[in-house]
Amino acid sequence: MSGVRIGIGQRPVNRKQRAVKSLWTGIWLVYLSAPVTDLLHGGHSTGVSILGWLGLAAFVAWYMALVFRTGRGERERLVLGSLGVLAAQSTLLALTLGREWLVLFVYVSIASGAALPLRMARWTIPATCALLTAVALAVPDGHSFLAGLLIPALLGGFAMTGVRELVRTTIALREARATVAQLAANEERLRLARDLHDLLGHSLSLITLKSELAGRMLPDHPGKAAQQVADIEQVSRQALVDVREAVTGYRRPRMSAELAGARVALTAAGVTAELPAGTDLAGVGEESESALAWALREAVTNVVRHSGARRCTVELLRRQTLDGPVLELTVEDNGSGGRGGHGNGLTGLTERLTKAGGTLEAAPLKHGFRLVARVPTAGPADVGSPA
């Protein structure tokens with residue numbers, strides 16, 4: 001299903017998605033039943049019918065190409081030229097084949113609202129309706145169709161301007177979410193760089209100074225030089241310990257810090273966050289807590305970058321299972337539902353949780369996605385109670 005579903009403002013990336021978008025774009029062509037009926041039962045000659053079918057096919061193809069590519073940044077002159085071609089086709093077909101063909105102007109108005117910015121569509125839509133009125137008055141009995149077509153043309157055209165703005169806003173929001181996630185990753189890298197600089201700067205400066213001092217002392221005072229070398233060894237060992245602690249802290253996130261970071265990331269991305277008020281990690285080992293924290297980070301990153309969700313709920317519960325008490329983390333969103341299968345992130349989480357004796361479940365819902373991570377606890381479980 002993830003290969004077929006298309007979010008608002010997303011371009012189709014495979015054949016199935018293109019077929020789905022074409023279906024939703026072309027389903028509104030059902031209102032062309034009047035011209036089709038006219039061609040089948042209007043009493044036209046064979047030559048006129050063939051020309052009518054060719055004209056209708058050309059109109060539909062041009063309309064679909066224009067609406068299907070809406071929002072891809074085409075130049076406004078090209079769009080205006082395409083709309084002019086559609087209007088000319090509609091006028092020619094209506095004047096030559098009759099009033100049933102006036103419905104084509106409704107599609108021209110809708111294409112104007114979908115393909116042009118509001119500052120231009122507010123002029124092209126009324127102009128299309130004015131052209132519809134003029135042609136309807138020129139076609140025999142066309143005035144009887146005028147009232148039933150003017151309102152759909154106006155409302156449909158301006159409604160599509162709203163849809164266009166919604167698509168543009170959704171695209172901007174999706175880009176902003178990706179930017180937020182990228183900035184968060186950059187900030188984490190900068191934090192590690194600062195920590196390493198602070199830890200190693202002093203130690204390396206001291207090692208350099210003592211190395212120079214030992215080199216000067218070595219010819220005349222080998223005992224003092226040996227003491228400097230011993231000091232260098234001690235400083236280097238301590239620096240190595242500090243670096244290991246820094247890297248361990250970087251690689252082992254804490255649940256409390258990840259919950260705070262998740263709230264900031266979700267809020268910045270415009271996602272309503274429902275998070276637990278506190279964390280009771282009694283009986284949970286460091287490795288288990290780290291695995292749950294990594295699961296929360298990966299889940300929130302997916303929500304921010306890929307889901308298009310508006311709400312995300314995080315629960316941290318203690319439960320009693322057949323294998324004993326566990327601490328269960330659940331992250332659920334109401335986004336697009338699919339993640340395209342288990343990628344590297346979920347595979348890595350599964351390995352971390354398995355190493356900690358836990359499990360991972362991740363699956364799309366009807367309206368969203370749910371990730372459930374469990375790790376064993378040493379203490380008794382209070383079934384169903386929030387941690």
# chains A, B, ... in the order shown; residues from 1 in each chain; ligands from 1
$ residues_around --residues "stretch 33-49 of chain A" --least-positions-apart "6" --cutoff "10 Å" --atoms "only C-alpha atoms" --output "CSV table (one decimal) with N, CA, C and O atoms, in the first residue's frame"
chain,number,residue,atom,x,y,z
A,55,GLY,N,-11.4,16.1,-31.6
A,55,GLY,CA,-11.4,17.3,-30.8
A,55,GLY,C,-11.5,17.1,-29.3
A,55,GLY,O,-10.8,17.7,-28.5
A,56,LEU,N,-12.5,16.2,-28.9
A,56,LEU,CA,-12.7,15.8,-27.5
A,56,LEU,C,-11.5,15.1,-26.9
A,56,LEU,O,-11.0,15.4,-25.8
A,93,LEU,N,-15.5,23.8,-30.6
A,93,LEU,CA,-16.4,22.6,-30.5
A,93,LEU,C,-17.8,23.0,-30.2
A,93,LEU,O,-18.7,22.5,-30.7
A,94,ALA,N,-18.0,24.0,-29.3
A,94,ALA,CA,-19.3,24.4,-28.9
A,94,ALA,C,-20.0,25.1,-30.1
A,94,ALA,O,-21.2,24.9,-30.3
A,96,THR,N,-19.5,24.7,-33.3
A,96,THR,CA,-19.7,23.8,-34.4
A,96,THR,C,-20.6,22.7,-34.1
A,96,THR,O,-21.3,22.2,-35.0
A,97,LEU,N,-20.6,22.2,-32.9
A,97,LEU,CA,-21.3,20.9,-32.5
A,97,LEU,C,-22.5,21.2,-31.6
A,97,LEU,O,-23.4,20.3,-31.5
A,98,GLY,N,-22.7,22.3,-31.0
A,98,GLY,CA,-23.9,22.6,-30.2
A,98,GLY,C,-23.7,22.9,-28.8
A,98,GLY,O,-22.6,22.8,-28.2
A,99,ARG,N,-24.8,23.1,-28.1
A,99,ARG,CA,-24.8,23.5,-26.7
A,99,ARG,C,-24.2,22.5,-25.7
A,99,ARG,O,-23.8,22.8,-24.6
A,100,GLU,N,-24.3,21.2,-26.1
A,100,GLU,CA,-23.8,20.2,-25.2
A,100,GLU,C,-22.3,20.3,-24.9
A,100,GLU,O,-21.8,19.8,-23.9
A,101,TRP,N,-21.6,21.0,-25.7
A,101,TRP,CA,-20.2,21.2,-25.6
A,101,TRP,C,-19.8,22.4,-24.8
A,101,TRP,O,-18.6,22.6,-24.5
A,102,LEU,N,-20.8,23.1,-24.3
A,102,LEU,CA,-20.5,24.2,-23.4
A,102,LEU,C,-19.8,23.8,-22.1
A,102,LEU,O,-19.2,24.6,-21.4
A,103,VAL,N,-20.0,22.6,-21.7
A,103,VAL,CA,-19.5,22.1,-20.4
A,103,VAL,C,-18.0,22.1,-20.4
A,103,VAL,O,-17.3,22.1,-19.4
A,104,LEU,N,-17.3,22.2,-21.6
A,104,LEU,CA,-15.9,22.2,-21.6
A,104,LEU,C,-15.3,23.4,-21.0
A,104,LEU,O,-14.2,23.4,-20.4
$ atom_distance --atom1 "atom CA of A:Val284" --atom2 "atom CA of A:Arg318"
10.8 Å
$ atom_distance --atom1 "atom CA of A:Leu204" --atom2 "atom CA of A:Leu190"
20.1 Å
$ residues_around --residues "stretch 119-128 of chain A" --least-positions-apart "6" --cutoff "12 Å" --atoms "only C-alpha atoms" --output "VMD selection string"
chain A and resid 76 to 77 79 to 81 83 to 84 86 to 88 90 to 91 102 to 113 134 to 135 149 to 162 164 to 165
$ select_by_dssp --residues "stretch 171-380 of chain A" --states "helix (DSSP H, G or I)" --output "PyMOL selection string"
chain A and resi 171-217+222-251+255-268+286-307+344-355
$ residues_around --residues "A:Ser236" --least-positions-apart "2" --cutoff "12 Å" --atoms "only C-alpha atoms" --output "PDB file with N, CA, C and O atoms, in the first residue's frame"
ATOM      1  N   LEU A 199      37.454  18.377  25.563  1.00  0.00           N
ATOM      2  CA  LEU A 199      38.166  17.313  26.268  1.00  0.00           C
ATOM      3  C   LEU A 199      39.613  17.185  25.804  1.00  0.00           C
ATOM      4  O   LEU A 199      40.526  17.028  26.617  1.00  0.00           O
ATOM      5  N   LEU A 200      39.841  17.253  24.501  1.00  0.00           N
ATOM      6  CA  LEU A 200      41.168  16.968  23.957  1.00  0.00           C
ATOM      7  C   LEU A 200      42.052  18.197  23.864  1.00  0.00           C
ATOM      8  O   LEU A 200      43.286  18.074  23.836  1.00  0.00           O
ATOM      9  N   GLY A 201      41.442  19.381  23.779  1.00  0.00           N
ATOM     10  CA  GLY A 201      42.261  20.583  23.609  1.00  0.00           C
ATOM     11  C   GLY A 201      43.273  20.753  24.727  1.00  0.00           C
ATOM     12  O   GLY A 201      44.479  20.911  24.498  1.00  0.00           O
ATOM     13  N   HIS A 202      42.794  20.708  25.962  1.00  0.00           N
ATOM     14  CA  HIS A 202      43.690  20.892  27.108  1.00  0.00           C
ATOM     15  C   HIS A 202      44.682  19.746  27.211  1.00  0.00           C
ATOM     16  O   HIS A 202      45.892  19.969  27.439  1.00  0.00           O
ATOM     17  N   SER A 203      44.196  18.511  27.057  1.00  0.00           N
ATOM     18  CA  SER A 203      45.069  17.349  27.219  1.00  0.00           C
ATOM     19  C   SER A 203      46.171  17.334  26.176  1.00  0.00           C
ATOM     20  O   SER A 203      47.349  17.086  26.485  1.00  0.00           O
ATOM     21  N   LEU A 204      45.843  17.584  24.939  1.00  0.00           N
ATOM     22  CA  LEU A 204      46.861  17.565  23.891  1.00  0.00           C
ATOM     23  C   LEU A 204      47.859  18.705  24.059  1.00  0.00           C
ATOM     24  O   LEU A 204      49.064  18.553  23.780  1.00  0.00           O
ATOM     25  N   SER A 205      47.382  19.864  24.491  1.00  0.00           N
ATOM     26  CA  SER A 205      48.304  20.980  24.752  1.00  0.00           C
ATOM     27  C   SER A 205      49.286  20.616  25.858  1.00  0.00           C
ATOM     28  O   SER A 205      50.500  20.909  25.765  1.00  0.00           O
ATOM     29  N   LEU A 206      48.765  19.966  26.915  1.00  0.00           N
ATOM     30  CA  LEU A 206      49.631  19.565  28.015  1.00  0.00           C
ATOM     31  C   LEU A 206      50.637  18.498  27.577  1.00  0.00           C
ATOM     32  O   LEU A 206      51.816  18.537  27.959  1.00  0.00           O
ATOM     33  N   ILE A 207      50.189  17.545  26.759  1.00  0.00           N
ATOM     34  CA  ILE A 207      51.093  16.512  26.261  1.00  0.00           C
ATOM     35  C   ILE A 207      52.191  17.130  25.401  1.00  0.00           C
ATOM     36  O   ILE A 207      53.379  16.772  25.509  1.00  0.00           O
ATOM     37  N   THR A 208      51.836  18.084  24.562  1.00  0.00           N
ATOM     38  CA  THR A 208      52.840  18.754  23.726  1.00  0.00           C
ATOM     39  C   THR A 208      53.859  19.502  24.571  1.00  0.00           C
ATOM     40  O   THR A 208      55.085  19.420  24.328  1.00  0.00           O
ATOM     41  N   LYS A 210      54.701  19.002  27.767  1.00  0.00           N
ATOM     42  CA  LYS A 210      55.551  18.092  28.532  1.00  0.00           C
ATOM     43  C   LYS A 210      56.511  17.323  27.618  1.00  0.00           C
ATOM     44  O   LYS A 210      57.628  16.975  28.022  1.00  0.00           O
ATOM     45  N   SER A 211      56.103  17.032  26.390  1.00  0.00           N
ATOM     46  CA  SER A 211      57.000  16.367  25.451  1.00  0.00           C
ATOM     47  C   SER A 211      58.194  17.261  25.134  1.00  0.00           C
ATOM     48  O   SER A 211      59.356  16.802  25.083  1.00  0.00           O
ATOM     49  N   VAL A 229      57.825  12.053  31.092  1.00  0.00           N
ATOM     50  CA  VAL A 229      57.237  11.012  30.239  1.00  0.00           C
ATOM     51  C   VAL A 229      56.133  10.272  30.982  1.00  0.00           C
ATOM     52  O   VAL A 229      55.080   9.932  30.405  1.00  0.00           O
ATOM     53  N   ALA A 230      56.340  10.021  32.271  1.00  0.00           N
ATOM     54  CA  ALA A 230      55.292   9.377  33.072  1.00  0.00           C
ATOM     55  C   ALA A 230      54.050  10.255  33.149  1.00  0.00           C
ATOM     56  O   ALA A 230      52.912   9.766  33.090  1.00  0.00           O
ATOM     57  N   ASP A 231      54.272  11.562  33.308  1.00  0.00           N
ATOM     58  CA  ASP A 231      53.124  12.480  33.327  1.00  0.00           C
ATOM     59  C   ASP A 231      52.395  12.466  31.989  1.00  0.00           C
ATOM     60  O   ASP A 231      51.155  12.524  31.942  1.00  0.00           O
ATOM     61  N   ILE A 232      53.173  12.411  30.909  1.00  0.00           N
ATOM     62  CA  ILE A 232      52.542  12.354  29.575  1.00  0.00           C
ATOM     63  C   ILE A 232      51.679  11.109  29.454  1.00  0.00           C
ATOM     64  O   ILE A 232      50.551  11.148  28.932  1.00  0.00           O
ATOM     65  N   GLU A 233      52.181   9.975  29.936  1.00  0.00           N
ATOM     66  CA  GLU A 233      51.413   8.739  29.881  1.00  0.00           C
ATOM     67  C   GLU A 233      50.111   8.855  30.674  1.00  0.00           C
ATOM     68  O   GLU A 233      49.043   8.429  30.216  1.00  0.00           O
ATOM     69  N   GLN A 234      50.205   9.465  31.851  1.00  0.00           N
ATOM     70  CA  GLN A 234      49.004   9.611  32.687  1.00  0.00           C
ATOM     71  C   GLN A 234      47.978  10.528  32.026  1.00  0.00           C
ATOM     72  O   GLN A 234      46.782  10.240  32.009  1.00  0.00           O
ATOM     73  N   GLN A 238      44.219   9.477  30.709  1.00  0.00           N
ATOM     74  CA  GLN A 238      43.011  10.172  31.159  1.00  0.00           C
ATOM     75  C   GLN A 238      42.239  10.751  29.979  1.00  0.00           C
ATOM     76  O   GLN A 238      41.000  10.732  29.952  1.00  0.00           O
ATOM     77  N   ALA A 239      42.973  11.263  28.977  1.00  0.00           N
ATOM     78  CA  ALA A 239      42.298  11.783  27.787  1.00  0.00           C
ATOM     79  C   ALA A 239      41.538  10.684  27.066  1.00  0.00           C
ATOM     80  O   ALA A 239      40.416  10.887  26.574  1.00  0.00           O
ATOM     81  N   LEU A 240      42.155   9.492  27.001  1.00  0.00           N
ATOM     82  CA  LEU A 240      41.477   8.368  26.364  1.00  0.00           C
ATOM     83  C   LEU A 240      40.206   7.994  27.117  1.00  0.00           C
ATOM     84  O   LEU A 240      39.157   7.722  26.506  1.00  0.00           O
ATOM     85  N   VAL A 241      40.263   8.012  28.444  1.00  0.00           N
ATOM     86  CA  VAL A 241      39.065   7.720  29.250  1.00  0.00           C
ATOM     87  C   VAL A 241      37.977   8.757  29.003  1.00  0.00           C
ATOM     88  O   VAL A 241      36.793   8.437  28.837  1.00  0.00           O
ATOM     89  N   ASP A 242      38.384  10.037  28.957  1.00  0.00           N
ATOM     90  CA  ASP A 242      37.399  11.102  28.730  1.00  0.00           C
ATOM     91  C   ASP A 242      36.728  10.968  27.367  1.00  0.00           C
ATOM     92  O   ASP A 242      35.513  11.169  27.230  1.00  0.00           O
ATOM     93  N   VAL A 243      37.515  10.628  26.340  1.00  0.00           N
ATOM     94  CA  VAL A 243      36.940  10.475  25.007  1.00  0.00           C
ATOM     95  C   VAL A 243      35.970   9.307  24.983  1.00  0.00           C
ATOM     96  O   VAL A 243      34.877   9.392  24.389  1.00  0.00           O
TER      97      VAL A 243
END
$ residues_around --residues "A:Ala265" --least-positions-apart "2" --cutoff "10 Å" --atoms "only C-alpha atoms" --output "ChimeraX atom specification"
/A:177,180-181,184,259-263,267-271,273,300-301,303-304
$ residues_around --residues "A:Pro376" --least-positions-apart "3" --cutoff "12 Å" --atoms "only C-alpha atoms" --output "number ranges by chain"
A: 281-289, 291-292, 317-329, 353-359, 373, 379-381
$ closest_residue --among "A:Ala65, A:Gln182, A:Glu258, A:Leu92" --to "A:Leu51" --atoms "only C-alpha atoms"
A:Leu92
$ atom_distance --atom1 "atom CA of A:Leu275" --atom2 "atom CA of A:Glu351"
25.3 Å
$ closest_residue --among "A:Ala309, A:Ile171, A:Leu137, A:Ala61" --to "A:Val85" --atoms "only C-alpha atoms"
A:Ala61
